[in-house]
$ cat query.cif   # mmCIF, C-alpha atoms
data_coords
#
loop_
_atom_site.label_atom_id
_atom_site.label_comp_id
_atom_site.auth_asym_id
_atom_site.auth_seq_id
_atom_site.Cartn_x
_atom_site.Cartn_y
_atom_site.Cartn_z
CA MET A 1 0.19 17.66 22.55
CA THR A 2 -3.15 16.12 23.52
CA ARG A 3 -3.95 18.99 25.89
CA TYR A 4 -4.16 21.29 22.86
CA LEU A 5 -6.75 19.16 21.07
CA PRO A 6 -9.90 20.97 22.33
CA LEU A 7 -8.47 24.34 21.23
CA VAL A 8 -7.28 22.89 17.91
CA ARG A 9 -10.61 21.25 17.14
CA ALA A 10 -12.45 24.47 17.91
CA ALA A 11 -10.11 26.48 15.68
CA LEU A 12 -10.45 24.10 12.73
CA ALA A 13 -14.23 23.90 13.09
CA ARG A 14 -14.54 27.68 12.81
CA ARG A 15 -13.87 27.63 9.05
CA ARG A 16 -14.89 24.11 8.11
CA ALA A 17 -14.87 24.65 4.36
CA ARG A 18 -11.33 26.01 4.47
CA THR A 19 -10.21 23.16 6.71
CA VAL A 20 -11.70 20.53 4.40
CA LEU A 21 -10.14 22.11 1.30
CA THR A 22 -6.74 22.33 2.96
CA ILE A 23 -6.85 18.69 4.05
CA GLY A 24 -7.97 17.83 0.51
CA SER A 25 -4.96 19.57 -1.01
CA VAL A 26 -2.63 17.67 1.32
CA LEU A 27 -4.46 14.43 0.50
CA ILE A 28 -3.93 14.93 -3.24
CA ALA A 29 -0.26 15.79 -2.71
CA PHE A 30 0.44 12.59 -0.76
CA LEU A 31 -1.69 10.52 -3.12
CA LEU A 32 0.54 11.69 -5.98
CA PHE A 33 3.56 11.03 -3.77
CA ALA A 34 2.51 7.38 -3.27
CA LEU A 35 1.78 6.81 -6.97
CA LEU A 36 4.94 8.51 -8.25
CA MET A 37 7.18 6.74 -5.76
CA SER A 38 5.63 3.46 -6.93
CA VAL A 39 6.40 4.35 -10.54
CA ARG A 40 9.97 5.18 -9.55
CA GLN A 41 10.22 1.86 -7.72
CA ALA A 42 8.93 0.01 -10.80
CA PHE A 43 11.68 1.48 -12.98
CA LEU A 44 14.59 1.81 -10.58
CA GLY A 45 13.85 -0.51 -7.67
CA GLY A 46 15.20 -3.67 -9.25
CA ILE A 47 18.42 -1.99 -10.34
CA HIS A 48 19.78 -1.84 -6.79
CA ALA A 49 19.28 -5.59 -6.43
CA VAL A 50 21.38 -6.41 -9.48
CA GLY A 51 24.49 -8.44 -8.67
CA LYS A 52 27.60 -6.30 -8.25
CA ARG A 53 29.77 -8.92 -9.90
CA ILE A 54 27.84 -8.87 -13.18
CA LEU A 55 29.07 -6.87 -16.16
CA ILE A 56 27.18 -6.26 -19.40
CA THR A 57 29.07 -6.21 -22.69
CA ALA A 58 27.15 -4.78 -25.64
CA ASN A 59 27.91 -3.25 -29.02
CA VAL A 60 29.29 0.26 -28.63
CA VAL A 61 26.92 1.50 -31.35
CA SER A 62 23.62 0.45 -29.76
CA LEU A 63 21.72 -2.50 -28.34
CA VAL A 64 20.16 -3.05 -31.74
CA SER A 65 23.59 -3.90 -33.17
CA PRO A 66 24.46 -7.51 -32.26
CA LEU A 67 27.79 -9.04 -31.33
CA PRO A 68 29.37 -12.20 -32.79
CA LEU A 69 28.87 -15.34 -30.72
CA ALA A 70 32.58 -16.05 -31.24
CA ASP A 71 33.37 -13.14 -28.91
CA ARG A 72 32.30 -15.26 -25.98
CA ALA A 73 35.55 -17.25 -25.95
CA ILE A 74 37.62 -14.05 -26.12
CA ILE A 75 35.74 -12.50 -23.20
CA ALA A 76 36.07 -15.72 -21.18
CA SER A 77 39.86 -15.57 -21.63
CA VAL A 78 40.11 -12.18 -19.91
CA PRO A 79 41.68 -12.53 -16.44
CA ARG A 80 39.28 -12.49 -13.47
CA VAL A 81 36.28 -13.48 -15.62
CA ARG A 82 34.48 -16.47 -14.10
CA ARG A 83 31.57 -17.07 -16.46
CA VAL A 84 30.15 -15.61 -19.69
CA ALA A 85 26.46 -15.91 -20.60
CA TYR A 86 24.67 -14.44 -23.59
CA GLU A 87 21.12 -13.55 -24.51
CA VAL A 88 18.92 -12.28 -27.32
CA TRP A 89 15.85 -10.11 -26.87
CA PHE A 90 12.99 -12.19 -28.28
CA GLY A 91 10.19 -9.62 -28.21
CA GLY A 92 7.63 -12.25 -27.31
CA TYR A 93 3.88 -12.24 -26.93
CA TYR A 94 1.13 -14.82 -26.57
CA ARG A 95 -1.64 -14.95 -29.20
CA ARG A 96 -1.94 -11.18 -29.56
CA THR A 97 0.55 -8.33 -29.19
CA GLY A 98 -1.21 -7.03 -26.08
CA ASN A 99 -0.12 -10.17 -24.21
CA PHE A 100 3.48 -9.01 -24.00
CA LEU A 101 6.14 -11.26 -22.44
CA PHE A 102 9.60 -10.31 -21.24
CA ALA A 103 11.12 -13.16 -23.25
CA LEU A 104 14.82 -13.87 -23.70
CA ALA A 105 16.65 -16.50 -25.72
CA VAL A 106 19.59 -17.62 -23.59
CA ASP A 107 22.22 -20.30 -23.15
CA PRO A 108 20.51 -22.44 -20.45
CA PRO A 109 23.50 -23.86 -18.53
CA THR A 110 25.30 -20.55 -18.01
CA PHE A 111 22.12 -18.57 -17.38
CA VAL A 112 20.92 -20.97 -14.71
CA ALA A 113 24.39 -21.18 -13.16
CA GLU A 114 24.42 -17.39 -12.69
CA LEU A 115 20.87 -16.98 -11.37
CA ARG A 116 20.21 -20.34 -9.72
CA SER A 117 19.34 -18.92 -6.30
CA GLU A 118 17.18 -16.07 -7.66
CA LEU A 119 15.03 -18.12 -10.04
CA GLY A 120 13.45 -20.44 -7.48
CA LEU A 121 13.59 -23.42 -9.86
CA SER A 122 13.69 -27.04 -8.69
CA PRO A 123 16.71 -29.15 -9.77
CA ARG A 124 14.41 -31.49 -11.68
CA ALA A 125 12.81 -28.68 -13.68
CA ARG A 126 16.23 -27.14 -14.29
CA ALA A 127 17.62 -30.37 -15.71
CA ARG A 128 14.48 -30.93 -17.82
CA TRP A 129 14.72 -27.44 -19.36
CA ILE A 130 18.44 -27.68 -20.12
CA ALA A 131 17.91 -31.00 -21.91
CA ASP A 132 14.84 -29.86 -23.87
CA ARG A 133 15.87 -27.76 -26.87
CA ARG A 134 12.30 -26.48 -27.29
CA GLY A 135 11.79 -25.96 -23.58
CA LEU A 136 10.51 -22.81 -21.93
CA LEU A 137 10.79 -21.46 -18.41
CA VAL A 138 8.16 -18.94 -17.31
CA GLY A 139 7.67 -16.85 -14.20
CA ASN A 140 4.81 -17.75 -11.90
CA ALA A 141 3.06 -14.44 -12.69
CA ILE A 142 2.91 -15.38 -16.39
CA ALA A 143 1.76 -18.92 -15.60
CA ARG A 144 -1.09 -17.61 -13.44
CA ARG A 145 -2.07 -15.00 -15.98
CA PHE A 146 -2.47 -17.41 -18.89
CA GLY A 147 -3.18 -20.61 -16.96
CA TRP A 148 -0.09 -22.41 -18.22
CA HIS A 149 1.07 -25.72 -16.73
CA VAL A 150 4.24 -27.76 -16.93
CA GLY A 151 4.23 -29.93 -20.06
CA GLU A 152 1.88 -27.64 -22.03
CA VAL A 153 2.97 -26.62 -25.56
CA ILE A 154 2.70 -22.86 -26.11
CA PRO A 155 2.72 -21.02 -29.47
CA LEU A 156 5.13 -18.24 -28.53
CA ARG A 157 5.25 -15.37 -31.02
CA SER A 158 7.83 -12.68 -31.68
CA ASN A 159 7.38 -9.14 -32.94
CA ILE A 160 11.07 -9.03 -33.93
CA TRP A 161 12.07 -12.35 -35.48
CA ARG A 162 10.58 -14.54 -38.19
CA ARG A 163 11.19 -18.21 -38.84
CA SER A 164 12.62 -19.61 -42.02
CA ASN A 165 9.12 -20.91 -42.90
CA GLY A 166 7.79 -17.34 -42.90
CA THR A 167 5.86 -17.43 -39.61
CA ASN A 168 6.69 -15.66 -36.37
CA THR A 169 5.51 -18.50 -34.10
CA TRP A 170 7.80 -20.82 -32.11
CA PRO A 171 6.12 -23.85 -30.46
CA VAL A 172 7.70 -24.27 -27.00
CA ARG A 173 7.02 -26.61 -24.11
CA VAL A 174 6.71 -25.32 -20.55
CA ASP A 175 9.42 -27.24 -18.67
CA GLY A 176 9.30 -25.31 -15.43
CA ILE A 177 7.69 -22.42 -13.58
CA LEU A 178 9.90 -19.91 -11.81
CA ARG A 179 9.03 -18.97 -8.25
CA PRO A 180 11.62 -16.24 -7.85
CA SER A 181 12.59 -14.32 -4.76
CA GLU A 182 12.48 -11.06 -6.73
CA LYS A 183 9.38 -9.80 -8.53
CA ARG A 184 11.20 -8.82 -11.71
CA TYR A 185 11.80 -12.50 -12.55
CA ALA A 186 8.12 -13.38 -12.12
CA GLN A 187 7.41 -11.90 -15.57
CA LEU A 188 10.35 -13.62 -17.27
CA ALA A 189 10.16 -16.18 -20.09
CA LEU A 190 13.30 -18.07 -21.14
CA LEU A 191 13.81 -20.17 -24.26
CA HIS A 192 16.89 -21.76 -25.83
CA TYR A 193 19.09 -19.52 -27.92
CA HIS A 194 20.08 -22.33 -30.28
CA TYR A 195 16.45 -23.24 -30.95
CA LEU A 196 15.86 -19.65 -32.01
CA SER A 197 19.06 -19.21 -34.02
CA GLU A 198 18.64 -22.49 -35.92
CA THR A 199 15.05 -21.80 -36.97
CA VAL A 200 15.12 -18.05 -37.58
CA ALA A 201 15.15 -16.76 -41.16
CA LYS A 202 18.65 -16.14 -42.51
CA SER A 203 17.66 -12.68 -43.65
CA THR A 204 17.37 -11.58 -40.01
CA GLY A 205 21.12 -11.86 -39.52
CA LEU A 206 20.75 -13.53 -36.12
CA SER A 207 22.78 -16.62 -36.95
CA GLY A 208 25.99 -16.53 -34.93
CA LYS A 209 24.98 -13.27 -33.23
CA VAL A 210 23.81 -12.28 -29.75
CA SER A 211 22.37 -9.10 -28.28
CA LEU A 212 24.73 -8.86 -25.32
CA TYR A 213 26.95 -10.78 -22.92
CA ARG A 214 26.51 -11.11 -19.16
CA VAL A 215 29.97 -11.42 -17.64
CA GLU A 216 30.42 -12.70 -14.09
CA ILE A 217 33.66 -11.61 -12.45
CA ALA A 218 35.40 -12.92 -9.35
CA HIS A 219 35.22 -9.73 -7.26
CA ALA A 220 33.14 -6.57 -7.55
CA ARG A 221 36.26 -4.45 -7.01
CA ASP A 222 37.62 -5.70 -10.35
CA ALA A 223 34.68 -4.36 -12.37
CA ALA A 224 36.43 -1.29 -13.79
CA ALA A 225 39.65 -3.12 -14.69
CA VAL A 226 37.86 -6.07 -16.31
CA SER A 227 35.56 -3.73 -18.26
CA ARG A 228 38.55 -1.90 -19.71
CA ALA A 229 40.30 -5.17 -20.53
CA ILE A 230 37.27 -6.56 -22.40
CA ASP A 231 36.75 -3.39 -24.44
CA ALA A 232 40.47 -3.26 -25.26
CA ARG A 233 40.25 -6.74 -26.82
CA PHE A 234 37.65 -5.48 -29.34
CA ALA A 235 38.86 -1.91 -29.83
CA ASN A 236 40.02 -2.56 -33.40
CA SER A 237 37.45 -5.20 -34.31
CA PRO A 238 34.47 -4.71 -36.66
CA ASP A 239 32.23 -4.86 -33.56
CA PRO A 240 33.75 -2.75 -30.76
CA THR A 241 32.16 -3.15 -27.34
CA ARG A 242 31.17 -1.11 -24.31
CA THR A 243 31.30 -2.93 -20.98
CA SER A 244 29.81 -1.64 -17.74
CA THR A 245 28.30 -2.96 -14.56
CA ALA A 246 24.75 -4.29 -14.84
CA ARG A 247 23.49 -1.44 -12.69
CA THR A 248 25.12 1.21 -14.90
CA PHE A 249 23.86 -0.55 -18.02
CA LEU A 250 20.26 -0.56 -16.78
CA LEU A 251 20.45 3.08 -15.69
CA ASN A 252 21.81 4.11 -19.10
CA PHE A 253 19.11 2.09 -20.81
CA LEU A 254 16.38 3.81 -18.78
CA ASP A 255 17.94 7.22 -19.43
CA GLN A 256 17.40 6.62 -23.14
CA ILE A 257 13.68 6.45 -22.40
CA ALA A 258 13.48 9.15 -19.72
CA ASP A 259 15.25 10.22 -16.55
CA ILE A 260 12.61 8.73 -14.26
CA GLY A 261 14.25 9.89 -11.05
CA THR A 262 14.51 13.51 -12.18
CA ILE A 263 10.95 13.57 -13.52
CA VAL A 264 9.48 12.16 -10.31
CA THR A 265 11.53 14.54 -8.16
CA ALA A 266 10.52 17.58 -10.24
CA ILE A 267 6.81 16.73 -10.13
CA LEU A 268 6.82 16.05 -6.39
CA ALA A 269 8.78 19.24 -5.70
CA ALA A 270 6.17 21.31 -7.55
CA VAL A 271 3.25 19.51 -5.87
CA PHE A 272 4.64 19.78 -2.35
CA PHE A 273 5.72 23.40 -2.77
CA THR A 274 2.16 24.27 -3.76
CA MET A 275 0.81 22.24 -0.85
CA LEU A 276 3.15 24.05 1.55
CA LEU A 277 1.94 27.43 0.32
CA VAL A 278 -1.69 26.39 0.78
CA THR A 279 -1.12 25.00 4.27
CA ALA A 280 0.97 27.98 5.43
CA ASN A 281 -1.65 30.40 4.09
CA THR A 282 -4.41 28.53 5.94
CA MET A 283 -2.45 28.61 9.18
CA ALA A 284 -1.59 32.29 8.81
CA ARG A 285 -5.20 33.28 8.17
CA SER A 286 -6.42 31.12 11.05
CA VAL A 287 -4.01 32.76 13.47
CA ARG A 288 -4.81 36.23 12.16
CA GLU A 289 -8.53 35.68 12.72
CA ARG A 290 -7.87 34.62 16.34
CA THR A 291 -5.57 37.43 17.35
CA ALA A 292 -7.66 38.33 20.40
CA GLU A 293 -7.82 34.70 21.52
CA PHE A 294 -4.05 34.41 21.47
CA ALA A 295 -3.80 37.69 23.35
CA VAL A 296 -6.03 36.24 26.09
CA LEU A 297 -3.89 33.10 26.21
CA ARG A 298 -0.86 35.30 26.65
CA THR A 299 -2.50 37.00 29.63
CA LEU A 300 -3.30 33.58 31.11
CA GLY A 301 0.38 32.68 31.17
CA TYR A 302 0.86 30.85 27.85
CA GLY A 303 4.50 31.44 27.00
CA PRO A 304 6.13 31.31 23.54
CA GLY A 305 6.78 27.56 23.77
CA ARG A 306 3.17 26.65 24.58
CA LEU A 307 1.82 28.97 21.90
CA PHE A 308 4.19 27.43 19.35
CA GLY A 309 2.99 24.00 20.45
CA LEU A 310 -0.58 25.08 19.86
CA VAL A 311 0.21 26.24 16.33
CA VAL A 312 2.21 23.07 15.59
CA ALA A 313 -0.65 20.89 16.86
CA GLU A 314 -3.08 22.63 14.51
CA ALA A 315 -0.72 22.26 11.56
CA ALA A 316 -0.02 18.63 12.47
CA LEU A 317 -3.73 17.82 12.44
CA LEU A 318 -4.20 19.47 9.05
CA VAL A 319 -1.16 17.94 7.38
CA GLY A 320 -1.28 14.62 9.23
CA ALA A 321 -4.92 13.93 8.41
CA GLY A 322 -4.42 14.77 4.74
CA ALA A 323 -1.19 12.78 4.50
CA LEU A 324 -2.68 9.70 6.17
CA LEU A 325 -5.76 9.74 3.94
CA GLY A 326 -3.64 10.36 0.84
CA LEU A 327 -1.27 7.48 1.59
CA LEU A 328 -4.13 5.09 2.39
CA LEU A 329 -5.95 6.01 -0.81
CA GLY A 330 -2.68 5.72 -2.70
CA LEU A 331 -2.07 2.23 -1.33
CA GLY A 332 -5.54 1.17 -2.44
CA LEU A 333 -4.96 2.49 -5.96
CA ILE A 334 -1.53 0.87 -6.09
CA VAL A 335 -3.02 -2.53 -5.25
CA VAL A 336 -5.57 -2.13 -8.05
CA LEU A 337 -3.05 -0.79 -10.57
CA HIS A 338 -0.48 -3.44 -9.73
CA GLY A 339 -2.73 -6.10 -11.19
CA LEU A 340 -3.34 -4.05 -14.32
CA LEU A 341 0.31 -3.08 -14.82
CA ALA A 342 1.90 -6.37 -13.79
CA THR A 343 3.04 -7.15 -17.32
CA ILE A 344 4.85 -3.91 -18.12
CA LEU A 345 5.67 -2.70 -14.57
CA PRO A 346 6.07 -5.80 -12.39
CA GLY A 347 7.76 -3.83 -9.61
CA PHE A 348 4.96 -1.26 -9.28
CA ALA A 349 4.65 -0.98 -5.49
CA LEU A 350 5.26 1.52 -2.72
CA PRO A 351 8.58 0.63 -1.04
CA PRO A 352 8.80 0.72 2.78
CA SER A 353 11.42 3.47 2.58
CA SER A 354 8.78 5.76 1.07
CA PHE A 355 6.75 5.59 4.28
CA ALA A 356 9.75 6.88 6.23
CA LEU A 357 10.23 9.61 3.64
CA GLY A 358 6.53 10.48 3.83
CA LEU A 359 6.74 10.78 7.62
CA ALA A 360 9.78 13.04 7.32
CA LEU A 361 7.92 15.22 4.83
CA VAL A 362 4.93 15.51 7.18
CA VAL A 363 7.21 16.71 10.00
CA LEU A 364 8.97 19.13 7.65
CA PHE A 365 5.74 20.62 6.33
CA VAL A 366 4.21 20.92 9.80
CA LEU A 367 7.20 22.89 11.06
CA ALA A 368 7.53 24.98 7.88
CA SER A 369 3.85 25.94 7.85
CA SER A 370 3.99 26.88 11.55
CA VAL A 371 6.85 29.37 11.34
CA VAL A 372 4.98 32.38 9.89
CA PRO A 373 1.92 32.02 12.18
CA TYR A 374 4.16 31.69 15.21
CA LEU A 375 6.06 34.87 14.28
CA GLN A 376 2.70 36.63 14.15
CA ILE A 377 1.98 35.48 17.71
CA ALA A 378 5.47 36.23 19.00
CA ARG A 379 5.21 39.84 17.82
CA LEU A 380 1.74 40.23 19.25
CA ALA A 381 1.16 43.22 21.55
CA VAL A 382 -1.54 42.05 23.98
CA ALA A 383 -3.09 45.46 24.65
CA ASP A 384 -3.22 46.39 20.96
CA ALA A 385 -4.73 43.02 20.04
CA LEU A 386 -7.50 43.34 22.64
CA ARG A 387 -8.17 46.95 21.66
CA ARG A 388 -8.56 45.94 17.94
CA GLU A 389 -11.01 43.24 18.90
#
$ encode --input "query.cif" --output "structure tokens"
Amino acid sequence: MTRYLPLVRAALARRRARTVLTIGSVLIAFLLFALLMSVRQAFLGGIHAVGKRILITANVVSLVSPLPLADRAIIASVPRVRRVAYEVWFGGYYRRTGNFLFALAVDPPTFVAELRSELGLSPRARARWIADRRGLLVGNAIARRFGWHVGEVIPLRSNIWRRSNGTNTWPVRVDGILRPSEKRYAQLALLHYHYLSETVAKSTGLSGKVSLYRVEIAHARDAAAVSRAIDARFANSPDPTRTSTARTFLLNFLDQIADIGTIVTAILAAVFFTMLLVTANTMARSVRERTAEFAVLRTLGYGPGRLFGLVVAEAALLVGAGALLGLLLGLGLIVVLHGLLATILPGFALPPSSFALGLALVVLFVLASSVVPYLQIARLAVADALRRE
């Protein structure tokens, strides 16, 4: 391929403005590719890491409709259920609503037992939090953001719940800082469910209620059978349930907002199709303008394979340069945006698999944009081409 570089450089330098614009279009396409794949990773990346032995039981009506806390014992009695945890969405923020926190009110012993390895919490901090009814666990990203330290009392506010004294502020003590192995837990804040339920206003209807149950089962293969068994127990109750795997639950929850995967795919398909048309048109015009040159190469013994290699080398330089610049610029923007979006999109990053996909797309576009120009060369009549020139 390197032996074609002098010819390729000369060809691209002939119409420099066109070359620069074509590389620019490829750059923009791969810049959008990097950003959109990072958005997709932020929404869907953590779903694949969810434990396969975790089921989510929620009200069949909606997540807004709570379930009785008494249902926990019934769910725990279902065969092949190992542990049942529960949680309530707190809707927390610090000082002002812009300082949003992914805060949950949970049952500490069962929550820690399920996620002990993922949370990165020391045994001492774990024991301190379980014993402290007003204790709070926070992810290290939150602690860095607000400068919180262990032992500090934080006025945690909720945009959902109000206390019986009329305020929406719960004083909590930081008992531990999570140093999780997965980024999604770095933005997590955990407080005691009973502290919330005992101090919340009665008019909220939270007393004796939870948002959902997290059900740990013995084997992933039992997920479907256990889900049916749980829902059958509450089929005729005032609060019927819908149980699914945690992955399915999260996907359904995201689908209520938007089908992120479909949106990203549709946008990238439109962008890359346009880029392919631009690149193929550039290559076709370049070859057409050099008809006589290719005729001379034919007379010098350049066969179909070598001529195709020449066209592919030119396309590779156009697409490869634009793709490399676009991905590098995209990575720079992602680093900047990650800090700005850490609160709402903690997983905003370009996954390694996207680089492999980007490389595959470069190869695909190089070959696709070389087909039409090569057919022009293959059909070239040397005498006619020289006579036209």
$ resolve_selection --input "query.cif" --expression "the PyMOL selection byres ((chain A and resi 111) around 10)" --output "MDAnalysis selection string"
chainID A and resid 83:87 106:110 112:116 190 214
$ resolve_selection --input "query.cif" --expression "the PyMOL selection byres ((chain A and resi 225) around 12)" --output "ChimeraX atom specification"
/A:55,78-81,217-224,226-232,243-245
$ resolve_selection --input "query.cif" --expression "the PyMOL selection byres ((chain A and resi 66) around 8)" --output "list in words"
Ala58, Asn59, Leu63, Val64, Ser65, Leu67, Pro68, Lys209, Val210, Ser211 and Leu212 of chain A
$ write_last_selection --input "query.cif" --atoms "C-alpha atoms" --output "mmCIF file, in the frame of the given file"
data_model
loop_
_atom_site.group_PDB
_atom_site.id
_atom_site.type_symbol
_atom_site.label_atom_id
_atom_site.label_comp_id
_atom_site.auth_asym_id
_atom_site.auth_seq_id
_atom_site.Cartn_x
_atom_site.Cartn_y
_atom_site.Cartn_z
ATOM 1 C CA ALA A 58 27.150 -4.780 -25.640
ATOM 2 C CA ASN A 59 27.910 -3.250 -29.020
ATOM 3 C CA LEU A 63 21.720 -2.500 -28.340
ATOM 4 C CA VAL A 64 20.160 -3.050 -31.740
ATOM 5 C CA SER A 65 23.590 -3.900 -33.170
ATOM 6 C CA LEU A 67 27.790 -9.040 -31.330
ATOM 7 C CA PRO A 68 29.370 -12.200 -32.790
ATOM 8 C CA LYS A 209 24.980 -13.270 -33.230
ATOM 9 C CA VAL A 210 23.810 -12.280 -29.750
ATOM 10 C CA SER A 211 22.370 -9.100 -28.280
ATOM 11 C CA LEU A 212 24.730 -8.860 -25.320
#
$ atom_distance --input "query.cif" --atom1 "CA of Thr274 (chain A)" --atom2 "CA of Leu364 (chain A)"
14.2 Å
$ residues_around --input "query.cif" --residues "region 92-101 of chain A" --least-positions-apart "2" --cutoff "6 Å" --atoms "only C-alpha atoms" --output "NGL selection string"
:A and (90 or 103 or 156-158)
$ closest_residue --input "query.cif" --among "A:Ile160, A:Ile23, A:Met37, A:Ala356" --to "Ile263 (chain A)" --atoms "all atoms listed in the file"
A:Met37
$ residues_around --input "query.cif" --residues "Thr204 (chain A)" --least-positions-apart "6" --cutoff "10 Å" --atoms "all atoms listed in the file" --output "JSON, numbers by chain"
{"A": [160, 161, 162, 163, 164, 197]}
